[in-house]
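J.: Below is the file model-v1.pdb, which contains PDB, C-alpha atoms.
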```
ATOM      1  CA  MET A   1      79.659 103.340 100.174
ATOM      2  CA  SER A   2      78.174 100.758 102.527
ATOM      3  CA  ILE A   3      75.312 100.386 100.063
ATOM      4  CA  ILE A   4      77.491  98.083  97.926
ATOM      5  CA  ALA A   5      79.460  96.574 100.810
ATOM      6  CA  GLY A   6      79.999  92.844 100.944
ATOM      7  CA  ALA A   7      81.782  90.516  98.563
ATOM      8  CA  TRP A   8      79.854  90.110  95.285
ATOM      9  CA  ALA A   9      77.227  92.743  96.218
ATOM     10  CA  PRO A  10      78.059  94.910  93.154
ATOM     11  CA  ASN A  11      77.845  91.785  90.960
ATOM     12  CA  VAL A  12      74.401  90.824  92.348
ATOM     13  CA  ILE A  13      73.094  94.353  91.664
ATOM     14  CA  TRP A  14      74.615  94.357  88.176
ATOM     15  CA  HIS A  15      73.041  91.014  87.218
ATOM     16  CA  LEU A  16      69.590  92.317  88.227
ATOM     17  CA  ARG A  17      69.882  95.343  85.922
ATOM     18  CA  ALA A  18      67.910  93.677  83.112
ATOM     19  CA  GLY A  19      65.031  92.432  85.306
ATOM     20  CA  PRO A  20      64.033  89.999  88.064
ATOM     21  CA  ARG A  21      66.199  86.901  88.565
ATOM     22  CA  ARG A  22      65.659  83.781  90.661
ATOM     23  CA  PHE A  23      68.206  82.529  93.220
ATOM     24  CA  SER A  24      69.360  79.730  90.918
ATOM     25  CA  GLU A  25      69.744  82.145  88.001
ATOM     26  CA  LEU A  26      71.868  84.511  90.103
ATOM     27  CA  ARG A  27      74.058  81.605  91.209
ATOM     28  CA  SER A  28      74.737  80.702  87.591
ATOM     29  CA  ASP A  29      75.302  84.375  86.738
ATOM     30  CA  ILE A  30      78.040  84.564  89.409
ATOM     31  CA  PRO A  31      79.719  81.127  89.369
ATOM     32  CA  PRO A  32      82.187  81.709  92.203
ATOM     33  CA  ILE A  33      79.522  82.772  94.722
ATOM     34  CA  SER A  34      78.367  80.189  97.275
ATOM     35  CA  ALA A  35      74.658  79.706  98.103
ATOM     36  CA  LYS A  36      75.336  80.912 101.644
ATOM     37  CA  VAL A  37      77.055  84.147 100.546
ATOM     38  CA  LEU A  38      74.423  84.816  97.866
ATOM     39  CA  SER A  39      71.520  84.467 100.296
ATOM     40  CA  GLN A  40      73.362  86.694 102.805
ATOM     41  CA  ARG A  41      73.970  89.380 100.143
ATOM     42  CA  LEU A  42      70.330  89.206  98.985
ATOM     43  CA  LYS A  43      69.105  89.660 102.576
ATOM     44  CA  GLU A  44      71.486  92.599 103.166
ATOM     45  CA  LEU A  45      70.621  94.296  99.846
ATOM     46  CA  GLU A  46      66.910  93.838 100.567
ATOM     47  CA  GLY A  47      67.457  95.372 104.009
ATOM     48  CA  ARG A  48      69.211  98.378 102.425
ATOM     49  CA  GLY A  49      66.306  98.914 100.038
ATOM     50  CA  VAL A  50      68.360  98.094  96.937
ATOM     51  CA  LEU A  51      66.261  95.095  95.886
ATOM     52  CA  SER A  52      62.979  93.420  96.753
ATOM     53  CA  ARG A  53      61.666  89.833  96.700
ATOM     54  CA  ALA A  54      58.502  88.911  94.825
ATOM     55  CA  VAL A  55      56.714  85.552  94.845
ATOM     56  CA  GLN A  56      56.216  84.436  91.246
ATOM     57  CA  PRO A  57      52.848  82.810  90.335
ATOM     58  CA  THR A  58      54.601  79.648  89.089
ATOM     59  CA  THR A  59      53.721  76.070  90.104
ATOM     60  CA  PRO A  60      55.122  75.608  92.669
ATOM     61  CA  PRO A  61      55.447  79.327  93.507
ATOM     62  CA  SER A  62      59.027  80.660  93.211
ATOM     63  CA  VAL A  63      60.789  83.768  94.496
ATOM     64  CA  ALA A  64      62.457  86.312  92.236
ATOM     65  CA  TYR A  65      64.609  89.259  93.174
ATOM     66  CA  ALA A  66      64.334  92.646  91.464
ATOM     67  CA  LEU A  67      66.032  96.017  91.889
ATOM     68  CA  THR A  68      63.976  98.781  93.503
ATOM     69  CA  VAL A  69      63.750 102.196  91.787
ATOM     70  CA  LEU A  70      66.731 103.418  93.841
ATOM     71  CA  GLY A  71      68.528 100.129  93.254
ATOM     72  CA  HIS A  72      68.279 100.801  89.522
ATOM     73  CA  GLU A  73      69.998 104.175  90.079
ATOM     74  CA  LEU A  74      73.167 102.239  90.976
ATOM     75  CA  VAL A  75      73.341 100.552  87.548
ATOM     76  CA  PRO A  76      74.897 103.429  85.522
ATOM     77  CA  ALA A  77      77.615 103.783  88.168
ATOM     78  CA  LEU A  78      78.328 100.028  88.100
ATOM     79  CA  ASP A  79      78.375 100.120  84.276
ATOM     80  CA  ALA A  80      81.007 102.891  84.498
ATOM     81  CA  ILE A  81      83.095 100.772  86.881
ATOM     82  CA  VAL A  82      82.880  97.769  84.528
ATOM     83  CA  ALA A  83      83.976 100.020  81.624
ATOM     84  CA  VAL A  84      87.037 101.272  83.545
ATOM     85  CA  GLY A  85      87.794  97.668  84.474
ATOM     86  CA  HIS A  86      87.888  96.703  80.801
ATOM     87  CA  LYS A  87      90.172  99.668  80.005
ATOM     88  CA  LEU A  88      92.575  98.685  82.786
ATOM     89  CA  LYS A  89      92.641  95.050  81.636
ATOM     90  CA  ALA A  90      93.256  96.173  78.034
ATOM     91  CA  GLU A  91      96.127  98.387  79.239
ATOM     92  CA  ARG A  92      97.749  95.519  81.145
ATOM     93  CA  ARG A  93      97.847  93.117  78.155
TER
ATOM     94  CA  MET B   1      83.468  94.426  88.550
ATOM     95  CA  SER B   2      86.546  92.747  89.989
ATOM     96  CA  ILE B   3      88.292  96.112  89.769
ATOM     97  CA  ILE B   4      86.574  97.165  93.029
ATOM     98  CA  ALA B   5      86.499  93.683  94.588
ATOM     99  CA  GLY B   6      87.524  93.216  98.180
ATOM    100  CA  ALA B   7      86.099  94.635 101.380
ATOM    101  CA  TRP B   8      86.748  98.398 101.674
ATOM    102  CA  ALA B   9      88.308  98.639  98.159
ATOM    103  CA  PRO B  10      85.674 101.218  97.011
ATOM    104  CA  ASN B  11      86.309 103.212 100.216
ATOM    105  CA  VAL B  12      90.104 103.257  99.655
ATOM    106  CA  ILE B  13      89.616 104.512  96.065
ATOM    107  CA  TRP B  14      87.102 107.123  97.230
ATOM    108  CA  HIS B  15      89.409 108.507  99.927
ATOM    109  CA  LEU B  16      92.202 108.969  97.349
ATOM    110  CA  ARG B  17      89.953 111.079  95.096
ATOM    111  CA  ALA B  18      91.319 114.385  96.458
ATOM    112  CA  GLY B  19      95.017 113.457  96.201
ATOM    113  CA  PRO B  20      97.758 111.217  97.587
ATOM    114  CA  ARG B  21      97.314 109.801 101.084
ATOM    115  CA  ARG B  22      99.722 107.993 103.401
ATOM    116  CA  PHE B  23      98.929 104.603 104.965
ATOM    117  CA  SER B  24      98.235 106.156 108.369
ATOM    118  CA  GLU B  25      95.949 108.774 106.808
ATOM    119  CA  LEU B  26      93.946 106.095 104.982
ATOM    120  CA  ARG B  27      93.600 104.119 108.228
ATOM    121  CA  SER B  28      92.113 107.152 109.956
ATOM    122  CA  ASP B  29      89.909 107.845 106.923
ATOM    123  CA  ILE B  30      88.427 104.315 107.211
ATOM    124  CA  PRO B  31      88.331 103.576 110.962
ATOM    125  CA  PRO B  32      86.981 100.005 110.774
ATOM    126  CA  ILE B  33      89.718  98.791 108.405
ATOM    127  CA  SER B  34      92.600  96.807 109.914
ATOM    128  CA  ALA B  35      96.235  97.485 108.922
ATOM    129  CA  LYS B  36      96.414  93.995 107.407
ATOM    130  CA  VAL B  37      93.318  94.444 105.224
ATOM    131  CA  LEU B  38      94.352  97.961 104.171
ATOM    132  CA  SER B  39      97.808  96.860 103.063
ATOM    133  CA  GLN B  40      96.258  93.905 101.197
ATOM    134  CA  ARG B  41      93.733  96.214  99.412
ATOM    135  CA  LEU B  42      96.513  98.697  98.518
ATOM    136  CA  LYS B  43      98.638  95.885  97.026
ATOM    137  CA  GLU B  44      95.653  94.510  95.039
ATOM    138  CA  LEU B  45      94.584  97.958  93.778
ATOM    139  CA  GLU B  46      98.164  98.739  92.792
ATOM    140  CA  GLY B  47      98.299  95.408  90.941
ATOM    141  CA  ARG B  48      95.075  96.271  89.066
ATOM    142  CA  GLY B  49      96.528  99.621  87.989
ATOM    143  CA  VAL B  50      93.998 101.640  90.036
ATOM    144  CA  LEU B  51      96.616 103.327  92.255
ATOM    145  CA  SER B  52     100.358 103.760  92.491
ATOM    146  CA  ARG B  53     102.860 104.194  95.325
ATOM    147  CA  ALA B  54     105.274 107.118  95.430
ATOM    148  CA  VAL B  55     108.105 107.692  97.890
ATOM    149  CA  GLN B  56     107.746 111.158  99.378
ATOM    150  CA  PRO B  57     110.937 113.259  99.872
ATOM    151  CA  THR B  58     110.251 113.615 103.619
ATOM    152  CA  THR B  59     112.759 112.890 106.403
ATOM    153  CA  PRO B  60     112.614 110.009 106.860
ATOM    154  CA  PRO B  61     111.189 109.193 103.412
ATOM    155  CA  SER B  62     107.503 108.144 103.495
ATOM    156  CA  VAL B  63     105.219 106.364 101.009
ATOM    157  CA  ALA B  64     102.019 107.877  99.664
ATOM    158  CA  TYR B  65      99.341 106.272  97.530
ATOM    159  CA  ALA B  66      97.665 108.056  94.629
ATOM    160  CA  LEU B  67      95.048 107.130  92.035
ATOM    161  CA  THR B  68      96.268 106.534  88.496
ATOM    162  CA  VAL B  69      94.549 108.319  85.596
ATOM    163  CA  LEU B  70      92.233 105.311  85.123
ATOM    164  CA  GLY B  71      91.786 105.025  88.888
ATOM    165  CA  HIS B  72      90.441 108.588  88.861
ATOM    166  CA  GLU B  73      87.853 107.503  86.254
ATOM    167  CA  LEU B  74      86.223 105.393  88.959
ATOM    168  CA  VAL B  75      85.540 108.406  91.207
ATOM    169  CA  PRO B  76      82.378 109.757  89.469
ATOM    170  CA  ALA B  77      80.844 106.280  89.610
ATOM    171  CA  LEU B  78      81.668 105.932  93.317
ATOM    172  CA  ASP B  79      80.275 109.434  93.947
ATOM    173  CA  ALA B  80      77.026 108.295  92.281
ATOM    174  CA  ILE B  81      76.904 105.219  94.515
ATOM    175  CA  VAL B  82      77.438 107.350  97.634
ATOM    176  CA  ALA B  83      74.623 109.676  96.476
ATOM    177  CA  VAL B  84      72.189 106.753  96.037
ATOM    178  CA  GLY B  85      73.267 105.478  99.452
ATOM    179  CA  HIS B  86      72.297 108.791 101.046
ATOM    180  CA  LYS B  87      68.907 108.732  99.249
ATOM    181  CA  LEU B  88      68.215 105.211 100.486
ATOM    182  CA  LYS B  89      69.180 106.119 104.061
ATOM    183  CA  ALA B  90      66.970 109.222 103.908
ATOM    184  CA  GLU B  91      64.079 107.080 102.651
ATOM    185  CA  ARG B  92      64.472 104.582 105.494
ATOM    186  CA  ARG B  93      64.307 107.201 108.294
TER
END
```
Represent the structure contained in this file as structure tokens.

T.:
Amino acid sequence: MSIIAGAWAPNVIWHLRAGPRRFSELRSDIPPISAKVLSQRLKELEGRGVLSRAVQPTTPPSVAYALTVLGHELVPALDAIVAVGHKLKAERR
Amino acid sequence: MSIIAGAWAPNVIWHLRAGPRRFSELRSDIPPISAKVLSQRLKELEGRGVLSRAVQPTTPPSVAYALTVLGHELVPALDAIVAVGHKLKAERR
């Protein structure tokens, strides 16, 4: 379970499911997350092999984060968790 | 994703997959968790409808925590996450 440990880690993985995202894009995807926590989560998730960093050939060059093959294997499970979350919220209305 | 938010929340849900557990049992299931954090997670997860508390007819009476029907729907997803975690660890050896 430690693979998704850390506040917002599941959210970071989930927002990378559709393709590489830059730091600023991830910050706007997850409004409550601070820059410090986001960079910590990105470092940890990279260290666990869930995502990787790639320098983009932009001017000036920029860095984007993308899920690894195994990182992508987490997406169906996170989708299932989001679906249960919606059911629970619907039940509580 | 907020349904599993909070440090150790996925671990608490996972350790309830086989049936009700008492507070002391959950603490030994998840050694690093403090009593304060565990009771906070249990309150939050109960509030989200993921688990419920039941007084056990023991002497003296004791409280056990069990997943709700929707809480149980999270287990396959968490199992999948644990499986990916093992693959990643195996890859990194």

J.: Just fit chain B onto chain A on all the Cα atoms, in order, by least squares, and give it as a PDB file with C-alpha atoms, in the frame of the given file.

T.:
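out.pdb was written with the following content:
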```
ATOM      1  CA  MET B   1      79.646 103.333 100.174  1.00  0.00           C
ATOM      2  CA  SER B   2      78.181 100.749 102.527  1.00  0.00           C
ATOM      3  CA  ILE B   3      75.301 100.382 100.079  1.00  0.00           C
ATOM      4  CA  ILE B   4      77.488  98.092  97.921  1.00  0.00           C
ATOM      5  CA  ALA B   5      79.456  96.569 100.814  1.00  0.00           C
ATOM      6  CA  GLY B   6      80.016  92.849 100.947  1.00  0.00           C
ATOM      7  CA  ALA B   7      81.789  90.512  98.564  1.00  0.00           C
ATOM      8  CA  TRP B   8      79.867  90.115  95.275  1.00  0.00           C
ATOM      9  CA  ALA B   9      77.220  92.745  96.235  1.00  0.00           C
ATOM     10  CA  PRO B  10      78.056  94.919  93.156  1.00  0.00           C
ATOM     11  CA  ASN B  11      77.851  91.790  90.960  1.00  0.00           C
ATOM     12  CA  VAL B  12      74.404  90.823  92.341  1.00  0.00           C
ATOM     13  CA  ILE B  13      73.080  94.358  91.669  1.00  0.00           C
ATOM     14  CA  TRP B  14      74.606  94.358  88.182  1.00  0.00           C
ATOM     15  CA  HIS B  15      73.038  91.022  87.221  1.00  0.00           C
ATOM     16  CA  LEU B  16      69.580  92.316  88.236  1.00  0.00           C
ATOM     17  CA  ARG B  17      69.887  95.339  85.923  1.00  0.00           C
ATOM     18  CA  ALA B  18      67.905  93.664  83.110  1.00  0.00           C
ATOM     19  CA  GLY B  19      65.027  92.422  85.296  1.00  0.00           C
ATOM     20  CA  PRO B  20      64.050  89.999  88.058  1.00  0.00           C
ATOM     21  CA  ARG B  21      66.200  86.909  88.570  1.00  0.00           C
ATOM     22  CA  ARG B  22      65.662  83.774  90.650  1.00  0.00           C
ATOM     23  CA  PHE B  23      68.208  82.532  93.207  1.00  0.00           C
ATOM     24  CA  SER B  24      69.377  79.725  90.919  1.00  0.00           C
ATOM     25  CA  GLU B  25      69.757  82.144  87.999  1.00  0.00           C
ATOM     26  CA  LEU B  26      71.876  84.516  90.099  1.00  0.00           C
ATOM     27  CA  ARG B  27      74.073  81.600  91.205  1.00  0.00           C
ATOM     28  CA  SER B  28      74.756  80.695  87.584  1.00  0.00           C
ATOM     29  CA  ASP B  29      75.306  84.370  86.732  1.00  0.00           C
ATOM     30  CA  ILE B  30      78.050  84.566  89.411  1.00  0.00           C
ATOM     31  CA  PRO B  31      79.726  81.129  89.375  1.00  0.00           C
ATOM     32  CA  PRO B  32      82.208  81.709  92.224  1.00  0.00           C
ATOM     33  CA  ILE B  33      79.526  82.776  94.723  1.00  0.00           C
ATOM     34  CA  SER B  34      78.372  80.193  97.276  1.00  0.00           C
ATOM     35  CA  ALA B  35      74.664  79.706  98.097  1.00  0.00           C
ATOM     36  CA  LYS B  36      75.349  80.911 101.645  1.00  0.00           C
ATOM     37  CA  VAL B  37      77.051  84.146 100.552  1.00  0.00           C
ATOM     38  CA  LEU B  38      74.428  84.828  97.868  1.00  0.00           C
ATOM     39  CA  SER B  39      71.529  84.458 100.285  1.00  0.00           C
ATOM     40  CA  GLN B  40      73.355  86.680 102.803  1.00  0.00           C
ATOM     41  CA  ARG B  41      73.982  89.388 100.125  1.00  0.00           C
ATOM     42  CA  LEU B  42      70.331  89.206  98.971  1.00  0.00           C
ATOM     43  CA  LYS B  43      69.101  89.652 102.568  1.00  0.00           C
ATOM     44  CA  GLU B  44      71.490  92.601 103.155  1.00  0.00           C
ATOM     45  CA  LEU B  45      70.614  94.295  99.842  1.00  0.00           C
ATOM     46  CA  GLU B  46      66.915  93.828 100.548  1.00  0.00           C
ATOM     47  CA  GLY B  47      67.458  95.365 103.995  1.00  0.00           C
ATOM     48  CA  ARG B  48      69.215  98.380 102.421  1.00  0.00           C
ATOM     49  CA  GLY B  49      66.292  98.915 100.041  1.00  0.00           C
ATOM     50  CA  VAL B  50      68.370  98.090  96.932  1.00  0.00           C
ATOM     51  CA  LEU B  51      66.253  95.082  95.887  1.00  0.00           C
ATOM     52  CA  SER B  52      62.977  93.416  96.748  1.00  0.00           C
ATOM     53  CA  ARG B  53      61.663  89.845  96.704  1.00  0.00           C
ATOM     54  CA  ALA B  54      58.499  88.903  94.835  1.00  0.00           C
ATOM     55  CA  VAL B  55      56.719  85.552  94.845  1.00  0.00           C
ATOM     56  CA  GLN B  56      56.187  84.441  91.261  1.00  0.00           C
ATOM     57  CA  PRO B  57      52.819  82.810  90.349  1.00  0.00           C
ATOM     58  CA  THR B  58      54.569  79.644  89.102  1.00  0.00           C
ATOM     59  CA  THR B  59      53.685  76.078  90.135  1.00  0.00           C
ATOM     60  CA  PRO B  60      55.094  75.617  92.651  1.00  0.00           C
ATOM     61  CA  PRO B  61      55.427  79.318  93.533  1.00  0.00           C
ATOM     62  CA  SER B  62      59.006  80.648  93.200  1.00  0.00           C
ATOM     63  CA  VAL B  63      60.783  83.768  94.495  1.00  0.00           C
ATOM     64  CA  ALA B  64      62.449  86.308  92.235  1.00  0.00           C
ATOM     65  CA  TYR B  65      64.616  89.264  93.167  1.00  0.00           C
ATOM     66  CA  ALA B  66      64.336  92.648  91.471  1.00  0.00           C
ATOM     67  CA  LEU B  67      66.025  96.027  91.884  1.00  0.00           C
ATOM     68  CA  THR B  68      63.986  98.784  93.500  1.00  0.00           C
ATOM     69  CA  VAL B  69      63.743 102.184  91.787  1.00  0.00           C
ATOM     70  CA  LEU B  70      66.728 103.423  93.834  1.00  0.00           C
ATOM     71  CA  GLY B  71      68.532 100.126  93.257  1.00  0.00           C
ATOM     72  CA  HIS B  72      68.275 100.798  89.517  1.00  0.00           C
ATOM     73  CA  GLU B  73      69.997 104.171  90.089  1.00  0.00           C
ATOM     74  CA  LEU B  74      73.152 102.250  90.971  1.00  0.00           C
ATOM     75  CA  VAL B  75      73.338 100.552  87.553  1.00  0.00           C
ATOM     76  CA  PRO B  76      74.899 103.433  85.527  1.00  0.00           C
ATOM     77  CA  ALA B  77      77.615 103.786  88.166  1.00  0.00           C
ATOM     78  CA  LEU B  78      78.339 100.043  88.098  1.00  0.00           C
ATOM     79  CA  ASP B  79      78.376 100.127  84.278  1.00  0.00           C
ATOM     80  CA  ALA B  80      81.009 102.892  84.498  1.00  0.00           C
ATOM     81  CA  ILE B  81      83.094 100.781  86.879  1.00  0.00           C
ATOM     82  CA  VAL B  82      82.891  97.776  84.538  1.00  0.00           C
ATOM     83  CA  ALA B  83      83.977 100.021  81.630  1.00  0.00           C
ATOM     84  CA  VAL B  84      87.041 101.278  83.551  1.00  0.00           C
ATOM     85  CA  GLY B  85      87.810  97.673  84.478  1.00  0.00           C
ATOM     86  CA  HIS B  86      87.896  96.698  80.804  1.00  0.00           C
ATOM     87  CA  LYS B  87      90.182  99.675  80.005  1.00  0.00           C
ATOM     88  CA  LEU B  88      92.579  98.689  82.778  1.00  0.00           C
ATOM     89  CA  LYS B  89      92.646  95.055  81.629  1.00  0.00           C
ATOM     90  CA  ALA B  90      93.262  96.165  78.034  1.00  0.00           C
ATOM     91  CA  GLU B  91      96.125  98.380  79.227  1.00  0.00           C
ATOM     92  CA  ARG B  92      97.757  95.527  81.144  1.00  0.00           C
ATOM     93  CA  ARG B  93      97.848  93.105  78.169  1.00  0.00           C
TER      94      ARG B  93
END
```

J.: Please provide as a tab-separated table (two decimals) with C-alpha atoms, in the coordinates of the input all residues within 10 Å of A:Trp14, with the sequence filter that same-chain residues fewer than 6 positions apart are discarded (counting all atoms listed in the file).

T.:
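Just written: selection-v6.tsv:
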```tsv
chain	number	residue	atom	x	y	z
A	8	TRP	CA	79.85	90.11	95.28
A	67	LEU	CA	66.03	96.02	91.89
A	71	GLY	CA	68.53	100.13	93.25
A	72	HIS	CA	68.28	100.80	89.52
A	74	LEU	CA	73.17	102.24	90.98
A	75	VAL	CA	73.34	100.55	87.55
A	76	PRO	CA	74.90	103.43	85.52
A	77	ALA	CA	77.61	103.78	88.17
A	78	LEU	CA	78.33	100.03	88.10
A	79	ASP	CA	78.38	100.12	84.28
A	82	VAL	CA	82.88	97.77	84.53
B	1	MET	CA	83.47	94.43	88.55
```

J.: Under the rule that only C-alpha atoms are counted, which of A:Ala18, A:Ala7, A:Ser62, A:Glu46 is the nearest residue to chain B?

T.: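 Smallest separation from chain B among the options: A:Ala7.
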
J.: Determine the residue membership of the PyMOL selection byres ((chain A) within 8 of (chain B)) for the file above and supply it as an NGL selection string.

T.: :A and (1-8 or 10-11 or 48-50 or 70 or 73-74 or 76-78 or 80-82 or 84-85 or 87-89)

J.: I want to know what sits within 10 Å of A:Ala35, based on all atoms listed in the file, with residues of the same chain fewer than 3 positions away left out; could you give that as an NGL selection string?

T.: :A and (23-24 or 26-27 or 32 or 38-41)

J.: With the PyMOL selection byres ((chain A and resi 20) around 9) as the selection, what would be picked from this file? Answer as number ranges by chain, please.

T.: A: 16-19, 21-22, 53-54, 64-67

J.: To one decimal in Å, tell me the separation between atom CA of A:Leu45 and atom CA of A:Val69.

T.: 13.2 Å

J.: What does the distance between atom CA of B:Pro61 and atom CA of B:Val12 come to in Å, to one decimal place?

T.: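 Atom CA of B:Val12 lies 22.2 Å from atom CA of B:Pro61.
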
J.: One number please: atom CA of B:Pro31 to atom CA of B:His15, in Å, one decimal.

T.: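 Here the two named atoms are 12.1 Å from each other.
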
J.: I need the residue nearest B:Glu44 from this list: B:Ile13, B:Pro57, B:Ile30, B:Glu25. Use only C-alpha atoms for the distance.

T.: B:Ile13

J.: The centre and edge lengths of an axis-aligned box containing all atoms of stretch 69-86 of chain A present in the file, extended by 6 Å on each side, are to be given in Å to one decimal, as lines of an AutoDock Vina configuration file.

T.:
```
center_x = 75.8
center_y = 100.4
center_z = 87.3
size_x = 36.1
size_y = 19.5
size_z = 25.0
```

J.: Model the absent atoms of stretch 44-60 of chain B so that N, CA and C atoms are present, and write the result as a compact mmCIF listing (two decimals), in the coordinates of the input.

T.:
```txt
# COMPACT_ATOMS: atom_id res chain seq x y z
N GLU B 44 96.54 94.99 96.11
CA GLU B 44 95.65 94.51 95.04
C GLU B 44 95.32 95.64 94.07
N LEU B 45 94.98 96.83 94.63
CA LEU B 45 94.58 97.96 93.78
C LEU B 45 95.77 98.47 92.96
N GLU B 46 96.96 98.37 93.56
CA GLU B 46 98.16 98.74 92.79
C GLU B 46 98.35 97.74 91.65
N GLY B 47 98.16 96.45 91.96
CA GLY B 47 98.30 95.41 90.94
C GLY B 47 97.29 95.53 89.81
N ARG B 48 96.12 96.10 90.10
CA ARG B 48 95.08 96.27 89.07
C ARG B 48 95.28 97.56 88.29
N GLY B 49 96.28 98.37 88.71
CA GLY B 49 96.53 99.62 87.99
C GLY B 49 95.62 100.76 88.42
N VAL B 50 94.92 100.60 89.56
CA VAL B 50 94.00 101.64 90.04
C VAL B 50 94.76 102.72 90.80
N LEU B 51 95.81 102.33 91.52
CA LEU B 51 96.62 103.33 92.26
C LEU B 51 98.10 103.00 92.13
N SER B 52 98.91 103.99 92.52
CA SER B 52 100.36 103.76 92.49
C SER B 52 100.96 104.28 93.80
N ARG B 53 102.15 103.79 94.12
CA ARG B 53 102.86 104.19 95.32
C ARG B 53 103.95 105.18 94.93
N ALA B 54 104.17 106.20 95.73
CA ALA B 54 105.27 107.12 95.43
C ALA B 54 105.98 107.42 96.74
N VAL B 55 107.32 107.35 96.70
CA VAL B 55 108.10 107.69 97.89
C VAL B 55 108.14 109.22 98.00
N GLN B 56 107.78 109.71 99.16
CA GLN B 56 107.75 111.16 99.38
C GLN B 56 109.10 111.62 99.93
N PRO B 57 109.61 112.78 99.43
CA PRO B 57 110.94 113.26 99.87
C PRO B 57 110.91 113.85 101.29
N THR B 58 110.28 113.13 102.23
CA THR B 58 110.25 113.62 103.62
C THR B 58 111.45 113.01 104.37
N THR B 59 111.67 113.45 105.59
CA THR B 59 112.76 112.89 106.40
C THR B 59 112.15 112.28 107.66
N PRO B 60 112.14 110.99 107.84
CA PRO B 60 112.61 110.01 106.86
C PRO B 60 111.64 109.90 105.69
```
